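What follows is one structure encoded as structure tokens, with my remarks underneath.
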Amino acid sequence: MMSDDQLCAIKGVLSSIKEKSPFYNKKYEGVDLSKICTKEDFETLPFTDKWELRDAYPLGLQAVPDEKIVRIHSSSGTTGTPIVIPYTAKDVEDWALMFERCYRLAGVSDKDRVQITPGYGLWTAGIGFQAGAEKRGAMVIPMGPGNTDKQIQMMLDLKSTVLCATSSYALLLAEEITRRGLNGQIHLERALIGSERWGEKMRKRIANELGVKLYDIYGLTEIYGPGIGISCDYESGIHYWDDFLYFEIINPETGEVLPDGETGELVITTLRKEGAPLIRYRTHDLTRIIPGKCSCGCSYPRIDILVGRTDDMVKVKGVNIFPGQIDEVLKEVDGVSSEYQVMIDHLNGKDIMTIFFETDCDKSQLENIELKVRNHFKERVGVTVVPKAVSIGDLPRSEKKSNRIFDNRY
Ligand code: ZN
């Protein structure tokens with residue numbers, strides 16, 4: 001759905017974008033943007049994709065004069081040239097404002113003590129969590145990543161009540177706190193977890209071991225950073241700030257816009273961004289817009305928890321598999337932990353998908369549990385896999401976004 005306010009905001013953005021942004025001036029060459037008057041007209045505009053942003057390195061996306069830029073952030077660039085996003089003072093302020101809404105929706109108040117473990121620097125995570133928490137009036141403990149001993153020490157001494165982390169680092173902390181028998185001594189009440197896709201089992205372990213309520217934060221560097229949406233107490237999707245952003249869901253293969261409720265790729269248009277506005281930006285995140293109002297009473301619309309990324313979508317034996325499905329299947333087998341790794345190989349003309357999963361069950365039961373995973377996967381996904389049970393702690397934990405699927409075929 002596009003509201004009248006959103007259509008009006010989009011027309012406003014389009015009316016001056018060619019003049020302001022050399023990037024869009026070139027991209028929309030020959031397109032008469034003054035003729036874009038309806039949602040349907042808007043949907044004829046070409047998408048903006050990640051590779052174009054890389055090609056614009058370093059500052060090709062900048063849409064205001066130098067003197068208006070106050071900061072840059074950049075994507076990690078692990079897969080090639082990084083993407084650099086310039087921010088104006090208003091962009092920085094707007095981002096903090098959105099993030100403050102996230103804390104508010106998660107029930108964080110000015111009495112809370114917020115321990116921030118995501119990284120600082122070019123990456124948008126740490127500083128975004130910090131600016132929002134400060135705007136909320138909470139006490140910020142800006143730890144940054146790693147150094148688990150010190151994290152736990154500060155958590156105990158300063159009586160942190162809110163933990164901000166990636167899911168894998170929250171799990172690592174939870175395991176370490178349990179191992180040291182400190183569960184009764186920590187004061188955490190809530191954890192705000194970065195937008196990685198993560199399974200229900202992992203969620204339960206973190207919630208139980210840390211004794212916290214969990215909230216999923218959504219965001220990406222290209223569109224401000226984390227904090228453009230968050231889940232609420234009802235855990236029924238992620239509320240997003242539709243006065244700053246317009247969300248569409250498309251079929252990733254055809255580009256066709258899908259109706260609310262259907263799963264596809266999330267495409268975002270910024271309505272107020274100055275430094276580097278983006279029109280119809282393909283996030284490659286797979287989700288759906290949840291129709292209807294949330295029981296929490298918050299009137300901001302919702303997307304569902306991410307089921308994966310279009311680039312993690314793997315085709316095995318002709319079947320499309322999303323990482324979210326692997327989580328789902330493993331969650332349904334008793335005795336299987338939330339940690340897993342998948343290897344896909346091609347041998348003798350055949351795809352072979354091996355799933356390593358952690359289990360705490362007895363050695364004599366390993367064969368039995370492997371068989372259960374194999375059968376359940378076949379039944380739910382339609383693909384026969386090679387199951388390999390390993391002990392708890394055998395698979396690598398990561399403080400960064402973890403990639404669990406390794407496709408060795410190409
Ligand atoms: Zn809600």
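A note on labels: chains of the structure tokens are A, B, ... as shown, every chain counts residues from 1, and ligands are counted from 1 in their shown order.
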Q.
as a PyMOL selection string, please: every protein or nucleic acid residue near ligand 1 (cut-off 6 Å, counting only C-alpha atoms and all ligand atoms).
A. chain A and resi 232+234+294-296+298
Q.
Can you pull out the residues contacting Lys39 (chain A)? Cut-off 9 Å, using only C-alpha atoms, and skip same-chain residues under 5 positions away; I want them as an NGL selection string.
A. :A and (1-2 or 7)
May I have a table of the residues of region 323-353 of chain A lying at most 9 Å from region 367-391 of chain A, giving each one's closest pair of atoms and their distance in Å to one decimal, counting only C-alpha atoms, ordered by chain and ascending residue number, as a Markdown table?
```
| residue | atom | partner | partner_atom | distance |
| --- | --- | --- | --- | --- |
| A:Gln325 | CA | A:Val381 | CA | 7.8 |
| A:Ile326 | CA | A:Phe377 | CA | 8.1 |
| A:Val329 | CA | A:Phe377 | CA | 6.3 |
| A:Leu330 | CA | A:Val373 | CA | 7.0 |
| A:Glu332 | CA | A:His376 | CA | 8.4 |
| A:Val333 | CA | A:Val373 | CA | 6.7 |
| A:Asp334 | CA | A:Ile369 | CA | 8.3 |
| A:Gly335 | CA | A:Ile369 | CA | 7.7 |
| A:Val336 | CA | A:Ile369 | CA | 8.0 |
| A:Ile352 | CA | A:Val385 | CA | 6.9 |
| A:Met353 | CA | A:Val385 | CA | 5.1 |
```
Write the residues you've just listed into a file as a compact mmCIF listing (two decimals), in the first residue's frame, and include N, CA and C atoms for each of them.
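Final file, part.txt:
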```txt
# COMPACT_ATOMS: atom_id res chain seq x y z
N GLN A 325 14.41 -21.83 5.89
CA GLN A 325 13.75 -23.15 5.88
C GLN A 325 14.57 -24.18 6.64
N ILE A 326 15.91 -24.07 6.53
CA ILE A 326 16.78 -25.02 7.23
C ILE A 326 16.61 -24.85 8.73
N VAL A 329 13.26 -26.45 9.77
CA VAL A 329 13.27 -27.90 9.80
C VAL A 329 14.02 -28.41 11.03
N LEU A 330 15.19 -27.83 11.31
CA LEU A 330 16.00 -28.30 12.44
C LEU A 330 15.28 -28.03 13.77
N GLU A 332 12.29 -28.24 14.37
CA GLU A 332 11.21 -29.21 14.60
C GLU A 332 11.69 -30.59 15.01
N VAL A 333 13.03 -30.79 15.02
CA VAL A 333 13.54 -32.10 15.42
C VAL A 333 14.07 -32.01 16.85
N ASP A 334 13.51 -32.81 17.75
CA ASP A 334 13.93 -32.79 19.16
C ASP A 334 15.39 -33.18 19.30
N GLY A 335 16.10 -32.48 20.16
CA GLY A 335 17.50 -32.82 20.46
C GLY A 335 18.49 -32.13 19.55
N VAL A 336 18.00 -31.36 18.54
CA VAL A 336 18.90 -30.65 17.63
C VAL A 336 19.05 -29.21 18.11
N ILE A 352 25.10 -32.66 -3.75
CA ILE A 352 25.07 -33.30 -2.43
C ILE A 352 25.04 -32.21 -1.37
N MET A 353 24.00 -32.25 -0.53
CA MET A 353 23.85 -31.23 0.51
C MET A 353 24.08 -31.89 1.86
```
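Inside region 38-200 of chain A, the residues DSSP reads as strand (DSSP E) when given the backbone are Ile69, Val70, Arg71, Ile72, His73, Ser74, Val84, Ile85, Pro86, Tyr87, Thr88, Arg113, Val114, Gln115, Ile116, Met139, Val140, Ile141, Pro142, Val162, Leu163, Cys164, Ala165, Arg190, Ala191, Leu192 and Ile193 of chain A.
Note that CA of Glu339 (chain A) and CA of Asp407 (chain A) are 17.8 Å apart.
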(Q) Using only C-alpha atoms for the distances, tell me which of A:Ser15, A:Leu258, A:Glu52, A:Met155 is nearest to Ser34 (chain A). (A)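 Of all the options, A:Ser15 lies closest to Ser34 (chain A).
Comparing A:Gly264, A:Gly237, A:Pro145, A:Gly324 by their smallest distance to Ile217 (chain A), the closest is A:Gly237 (using only C-alpha atoms).
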Q | Nearest residue to Asp55 (chain A) from the set A:Val84, A:Leu14, A:Ile290, A:Leu220 (distances using only C-alpha atoms) | A |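 Ranked by minimum distance to Asp55 (chain A), first place goes to A:Val84.
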Q: Extract, using only C-alpha atoms, all DNA, RNA and protein residues at most 9 Å from Val64 (chain A), discarding same-chain residues fewer than 6 positions from it, and format them as a ChimeraX atom specification.
A: /A:20-21,88,274-276
Q.
If we count only C-alpha atoms and set the cut-off at 7 Å, which residues sit around Lys159 (chain A), ignoring sequence neighbours fewer than 2 positions away in its own chain? Please answer as a list in words.
A.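 Residues meeting the cut-off are Met155, Leu156, Asp157, Thr161, Ile186 and His187 of chain A.
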Q: May I have the residues within 7 Å of Ala131 (chain A) as a list in words, using only C-alpha atoms and disregarding those fewer than 4 positions away in the same chain?
A: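 Selected residues are Ala96, Ile127 and Lys135 of chain A.
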